[in-house]
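Accompanying notes for the structure given below.
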Amino acid sequence: MSSGAQFRQVAPVRLYQRIVEQIEQAITNGDLKPGQRLPSERELVTQFGASRPTVREALRVLESNGLVRSRPGDPNGPEILPFSPAGLTKEMTRLVQFDNVSMAELISFRMMLDGSASQLAARLRSEEELAAMERTLAVMSDAIEEGYEEFSKADVAFHEAVAVASRNSLIEVCNQVVRGAVLSLISDKVAHASNSKALMRESLHHHQEVLEAIRVRDGLAAARLSRRSLYDYYAGYVPEDEQGLLIALVDDDDA
C-alpha cells in the first residue's frame, strides 16, 4: 500500500567529490590552515583508499576553487591557500553574463555596499587611513595622463582603503568581489571611450568629494556622494528600462 510520499531518484556521487568534501570540511573546521600542506599524493591515495586518478581529480577541483595550490615538481603536498575573493568575483561575473543577475542589480548592489563603507569610514577612520586614501587620489590624478589601466588601479586602491576603514571585513570582501565583477564587464568600454580622460577627471572629482566628507566625518554625506558617484559613472552602461534600481538609491539627491 502506498503511503503517498513522493521521492526523487538519487544521483550518484563520484568518489572524488567525497574527497573534496572531506578536505573542504577540514579547512572549514580549522584542522587545515593557510600555509599548511596536504599529505603527498601517494599518501592521500592510501588514506582515502582511492585510485590515483580519483585523488588527482579531487585536487584539481580544489585548486580550481582556489583552496589549494600545487607546484609542478614540488615533493611536498598541495598548499592550503588563504581565502581569496577571486573565485567569488569569477562566479558573480558568470552570473551576470548568463543573465541570472542584471547589470543594474550588480551596480545597485555596489552602490549600497560602497555607500555603507563610506559612511562607516567617515565615522571610524584613523588619521593613517585618511592619509592612505589621500595618497591613492594623488596617484589617480597623475594616472589620468598615463591611461585608464593605471587610473583603474588607483581607483581600486581608494575603494579598498575606504573599505578597510569601515572596520567591516564582510563589506571589504563583498565590495571587492562586486567591484571586480563590474570592472571585468565594462572596463574595456571605458578604456576605449572617446571621452575616457573626461570620464576619469569626473571620477576623480567625485572621489575627492567623498574623501572630503570622510575627512570631516560626515557619514551621511559620504554615503550619499559615494552612491551618486557610482550612479553618474555607471548609469550609462545600464539599459534605460532597468535604471530605476539605480535611481532609487539616489532619489534623496534629486537624481
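Identifiers for the C-alpha cells are assigned positionally: chains receive A, B, ... in sequence, residues are indexed from 1 per chain, and ligands are indexed from 1 in the order shown.
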Query raised in the report: Can you list every residue in segment 17-200 of chain A that DSSP puts in strand (DSSP E or B), as a ChimeraX atom specification?
Result: /A:37,68-69,79-80
**Report entry** Given only C-alpha atoms as the counted atoms, nearest of A:Gln243, A:Ser226, A:Gln17, A:Ser187 to Leu106 of chain A
**Finding:**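 Ranked by minimum distance to Leu106 of chain A, first place goes to A:Gln243.
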Could you give me, as a Markdown table, a per-residue list for segment 42-149 of chain A showing, wherever an atom lies at most 8 Å from an atom of segment 246-251 of chain A, the closest pair of atoms and their distance in Å to one decimal, using only C-alpha atoms and sorting by chain then residue number from low to high?
```
| residue | atom | partner | partner_atom | distance |
| --- | --- | --- | --- | --- |
| A:Ala104 | CA | A:Leu246 | CA | 6.9 |
| A:Ile107 | CA | A:Leu246 | CA | 7.5 |
| A:Ser108 | CA | A:Leu246 | CA | 5.3 |
| A:Met111 | CA | A:Leu249 | CA | 7.6 |
| A:Met112 | CA | A:Leu249 | CA | 7.7 |
```
For the residues in the current selection, export N, CA and C atoms as a short mmCIF file (atom, residue, chain, number, x, y, z; two decimals), in the first residue's frame.
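Below is the file out15.cif, written as the result:
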```cif
data_model
loop_
_atom_site.label_atom_id
_atom_site.label_comp_id
_atom_site.auth_asym_id
_atom_site.auth_seq_id
_atom_site.Cartn_x
_atom_site.Cartn_y
_atom_site.Cartn_z
N ALA A 104 22.15 46.08 -13.85
CA ALA A 104 21.53 47.04 -12.94
C ALA A 104 21.57 46.54 -11.50
N ILE A 107 25.29 46.75 -10.22
CA ILE A 107 25.75 48.11 -9.93
C ILE A 107 25.01 48.70 -8.73
N SER A 108 23.71 48.43 -8.63
CA SER A 108 22.96 48.95 -7.48
C SER A 108 23.47 48.32 -6.18
N MET A 111 26.54 50.12 -5.30
CA MET A 111 26.20 51.42 -4.73
C MET A 111 25.86 51.30 -3.25
N MET A 112 25.10 50.27 -2.90
CA MET A 112 24.74 50.06 -1.49
C MET A 112 25.96 49.75 -0.64
#
```
Query raised in the report: as a ChimeraX atom specification, which residues of segment 31-151 of chain A does DSSP assign to alpha helix (DSSP H)?
Result: /A:41-48,52-64,86-97,103-124,127-143,148-151
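Nearest-residue note for Gln176 of chain A: choosing from A:Ile144, A:Leu130, A:Ala157, A:Val210, the minimum distance belongs to A:Ala157, counting only C-alpha atoms.
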Report task. Name the residues in contact with segment 24-35 of chain A at a cut-off of 12 Å, using only C-alpha atoms, excluding same-chain residues fewer than 2 positions from it; report them as a list in words. Result ->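 The residues satisfying every condition are Gln17, Arg18, Ile19, Val20, Glu21, Gln22, Arg37, Leu38, Pro39, Ala58, Leu59, Val61, Leu62, Glu63, Asn65, Gly66, Leu67, Val68, Arg69, Gly77, Pro78, Glu79, Ile80, Leu81, Pro82, Phe83 and Ser84 of chain A.
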With C-alpha atoms retained, write the just-selected residues as a PDB file, in the first residue's frame.
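The result, stored in again-v9.pdb:
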```
ATOM      1  CA  GLN A  17      33.590  14.634  -4.673  1.00  0.00           C
ATOM      2  CA  ARG A  18      33.756  12.811  -1.333  1.00  0.00           C
ATOM      3  CA  ILE A  19      37.468  13.617  -1.119  1.00  0.00           C
ATOM      4  CA  VAL A  20      36.774  17.272  -1.951  1.00  0.00           C
ATOM      5  CA  GLU A  21      34.078  17.410   0.738  1.00  0.00           C
ATOM      6  CA  GLN A  22      36.391  15.979   3.418  1.00  0.00           C
ATOM      7  CA  ARG A  37      50.338  21.198   3.368  1.00  0.00           C
ATOM      8  CA  LEU A  38      48.184  18.269   2.478  1.00  0.00           C
ATOM      9  CA  PRO A  39      49.865  14.858   2.506  1.00  0.00           C
ATOM     10  CA  ALA A  58      39.813  15.956  -6.350  1.00  0.00           C
ATOM     11  CA  LEU A  59      42.979  18.052  -6.104  1.00  0.00           C
ATOM     12  CA  VAL A  61      38.782  20.664  -8.273  1.00  0.00           C
ATOM     13  CA  LEU A  62      40.193  22.069  -5.022  1.00  0.00           C
ATOM     14  CA  GLU A  63      42.810  24.021  -6.948  1.00  0.00           C
ATOM     15  CA  ASN A  65      38.203  26.567  -6.415  1.00  0.00           C
ATOM     16  CA  GLY A  66      41.203  28.426  -5.028  1.00  0.00           C
ATOM     17  CA  LEU A  67      41.550  26.272  -1.917  1.00  0.00           C
ATOM     18  CA  VAL A  68      44.916  24.633  -2.607  1.00  0.00           C
ATOM     19  CA  ARG A  69      47.941  25.216  -4.812  1.00  0.00           C
ATOM     20  CA  GLY A  77      51.752  18.020  -0.823  1.00  0.00           C
ATOM     21  CA  PRO A  78      49.482  20.823  -2.090  1.00  0.00           C
ATOM     22  CA  GLU A  79      49.494  24.029  -0.026  1.00  0.00           C
ATOM     23  CA  ILE A  80      46.335  25.296   1.672  1.00  0.00           C
ATOM     24  CA  LEU A  81      45.659  28.835   0.424  1.00  0.00           C
ATOM     25  CA  PRO A  82      44.176  31.765   2.347  1.00  0.00           C
ATOM     26  CA  PHE A  83      40.727  32.932   1.337  1.00  0.00           C
ATOM     27  CA  SER A  84      40.660  34.970  -1.866  1.00  0.00           C
TER      28      SER A  84
END
```
Neighbouring residues of Ser169 of chain A were defined as those with any atom within 12 Å, considering only C-alpha atoms; residues of the same chain fewer than 6 positions away were excluded. Please report them as a PDB file with all heavy atoms, in the first residue's frame.
```pdb
ATOM      1  N   PRO A  85      38.952  36.481  -2.728  1.00  0.00           N
ATOM      2  CA  PRO A  85      37.662  36.761  -3.369  1.00  0.00           C
ATOM      3  C   PRO A  85      37.671  36.532  -4.869  1.00  0.00           C
ATOM      4  O   PRO A  85      36.661  36.734  -5.529  1.00  0.00           O
ATOM      5  CB  PRO A  85      37.441  38.249  -3.051  1.00  0.00           C
ATOM      6  CG  PRO A  85      38.820  38.799  -2.921  1.00  0.00           C
ATOM      7  CD  PRO A  85      39.645  37.693  -2.301  1.00  0.00           C
ATOM      8  N   LEU A 113      26.801  48.846  -1.151  1.00  0.00           N
ATOM      9  CA  LEU A 113      27.997  48.463  -0.404  1.00  0.00           C
ATOM     10  C   LEU A 113      28.943  49.634  -0.236  1.00  0.00           C
ATOM     11  O   LEU A 113      29.468  49.905   0.855  1.00  0.00           O
ATOM     12  CB  LEU A 113      28.720  47.324  -1.125  1.00  0.00           C
ATOM     13  CG  LEU A 113      28.085  45.940  -1.053  1.00  0.00           C
ATOM     14  CD1 LEU A 113      28.790  44.994  -2.020  1.00  0.00           C
ATOM     15  CD2 LEU A 113      28.144  45.387   0.364  1.00  0.00           C
ATOM     16  N   ALA A 117      30.188  51.485   3.165  1.00  0.00           N
ATOM     17  CA  ALA A 117      31.612  51.541   3.500  1.00  0.00           C
ATOM     18  C   ALA A 117      32.048  52.983   3.759  1.00  0.00           C
ATOM     19  O   ALA A 117      32.772  53.272   4.721  1.00  0.00           O
ATOM     20  CB  ALA A 117      32.441  50.929   2.376  1.00  0.00           C
ATOM     21  N   GLU A 160      39.446  50.244  -1.728  1.00  0.00           N
ATOM     22  CA  GLU A 160      39.941  49.274  -0.748  1.00  0.00           C
ATOM     23  C   GLU A 160      40.308  49.971   0.559  1.00  0.00           C
ATOM     24  O   GLU A 160      40.035  49.456   1.649  1.00  0.00           O
ATOM     25  CB  GLU A 160      41.148  48.527  -1.316  1.00  0.00           C
ATOM     26  CG  GLU A 160      40.776  47.508  -2.389  1.00  0.00           C
ATOM     27  CD  GLU A 160      41.979  46.779  -2.950  1.00  0.00           C
ATOM     28  OE1 GLU A 160      43.125  47.222  -2.687  1.00  0.00           O
ATOM     29  OE2 GLU A 160      41.780  45.776  -3.659  1.00  0.00           O
ATOM     30  N   VAL A 162      39.002  52.726   1.727  1.00  0.00           N
ATOM     31  CA  VAL A 162      37.741  53.094   2.384  1.00  0.00           C
ATOM     32  C   VAL A 162      37.120  51.869   3.053  1.00  0.00           C
ATOM     33  O   VAL A 162      36.657  51.940   4.202  1.00  0.00           O
ATOM     34  CB  VAL A 162      36.757  53.709   1.372  1.00  0.00           C
ATOM     35  CG1 VAL A 162      35.384  53.914   2.016  1.00  0.00           C
ATOM     36  CG2 VAL A 162      37.282  55.032   0.848  1.00  0.00           C
ATOM     37  N   ALA A 163      37.119  50.741   2.351  1.00  0.00           N
ATOM     38  CA  ALA A 163      36.527  49.523   2.916  1.00  0.00           C
ATOM     39  C   ALA A 163      37.275  49.072   4.161  1.00  0.00           C
ATOM     40  O   ALA A 163      36.656  48.638   5.137  1.00  0.00           O
ATOM     41  CB  ALA A 163      36.523  48.416   1.862  1.00  0.00           C
ATOM     42  N   ASN A 175      32.623  44.119  -1.355  1.00  0.00           N
ATOM     43  CA  ASN A 175      32.899  45.262  -2.209  1.00  0.00           C
ATOM     44  C   ASN A 175      33.931  44.897  -3.271  1.00  0.00           C
ATOM     45  O   ASN A 175      33.804  45.255  -4.445  1.00  0.00           O
ATOM     46  CB  ASN A 175      33.418  46.431  -1.362  1.00  0.00           C
ATOM     47  CG  ASN A 175      32.835  47.757  -1.807  1.00  0.00           C
ATOM     48  OD1 ASN A 175      32.369  47.892  -2.934  1.00  0.00           O
ATOM     49  ND2 ASN A 175      32.868  48.741  -0.940  1.00  0.00           N
ATOM     50  N   GLN A 176      34.949  44.169  -2.845  1.00  0.00           N
ATOM     51  CA  GLN A 176      35.996  43.764  -3.783  1.00  0.00           C
ATOM     52  C   GLN A 176      35.437  42.835  -4.860  1.00  0.00           C
ATOM     53  O   GLN A 176      35.763  42.964  -6.038  1.00  0.00           O
ATOM     54  CB  GLN A 176      37.134  43.079  -3.021  1.00  0.00           C
ATOM     55  CG  GLN A 176      38.341  42.754  -3.879  1.00  0.00           C
ATOM     56  CD  GLN A 176      39.491  42.209  -3.059  1.00  0.00           C
ATOM     57  OE1 GLN A 176      39.489  42.284  -1.825  1.00  0.00           O
ATOM     58  NE2 GLN A 176      40.487  41.656  -3.716  1.00  0.00           N
TER      59      GLN A 176
END
```
Query - Selection: 12 Å around Phe109 of chain A, only C-alpha atoms, excl. self and same-chain fewer than 4 positions, as a list in words - result: Met92, Val101, Ser102, Met103, Ala104, Glu105, Leu113, Asp114, Gly115, Ser116, Ile171, Cys174, Asn175, Gln176, Val177, Val178, Arg179, Ala181, Val182, Arg227, Leu230, Tyr231, Leu245, Leu246, Ala248 and Leu249 of chain A
Per-residue nearest contacts of segment 83-146 of chain A to segment 201-204 of chain A (9 Å; only C-alpha atoms) as a tab-separated table:
```
residue	atom	partner	partner_atom	distance
A:Leu137	CA	A:Leu204	CA	7.3
A:Met140	CA	A:Leu204	CA	7.0
A:Ser141	CA	A:Leu204	CA	6.9
A:Ile144	CA	A:Arg201	CA	7.2
```
Output of the above residues as a JSON list (two decimals), in the first residue's frame, restricted to N, CA and C atoms:
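Output (selection35.json):
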```
[["chain", "number", "residue", "atom", "x", "y", "z"],
["A", 137, "LEU", "N", 44.32, 59.04, -4.15],
["A", 137, "LEU", "CA", 43.77, 60.06, -5.04],
["A", 137, "LEU", "C", 44.87, 60.83, -5.75],
["A", 140, "MET", "N", 45.73, 58.65, -8.56],
["A", 140, "MET", "CA", 44.67, 58.73, -9.57],
["A", 140, "MET", "C", 44.85, 59.96, -10.44],
["A", 141, "SER", "N", 45.14, 61.08, -9.81],
["A", 141, "SER", "CA", 45.32, 62.33, -10.55],
["A", 141, "SER", "C", 46.46, 62.22, -11.55],
["A", 144, "ILE", "N", 45.80, 59.94, -14.84],
["A", 144, "ILE", "CA", 44.89, 60.33, -15.92],
["A", 144, "ILE", "C", 45.63, 60.43, -17.26]]
```
Query raised in the report: Hey, which of A:Ala121, A:Leu44, A:Val164, A:Leu95 ends up closest to Ala223 of chain A? Count only C-alpha atoms.
Result: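 Among the listed residues, the smallest separation from Ala223 of chain A belongs to A:Ala121.
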Query - Given only C-alpha atoms as the counted atoms, nearest of A:Arg60, A:Lys90, A:His206, A:Arg167 to Ala122 of chain A - result: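 Smallest separation from Ala122 of chain A among the options: A:Arg167.
Between atom CA of Gln208 of chain A and atom CA of Ala161 of chain A there is a distance of 13.8 Å.
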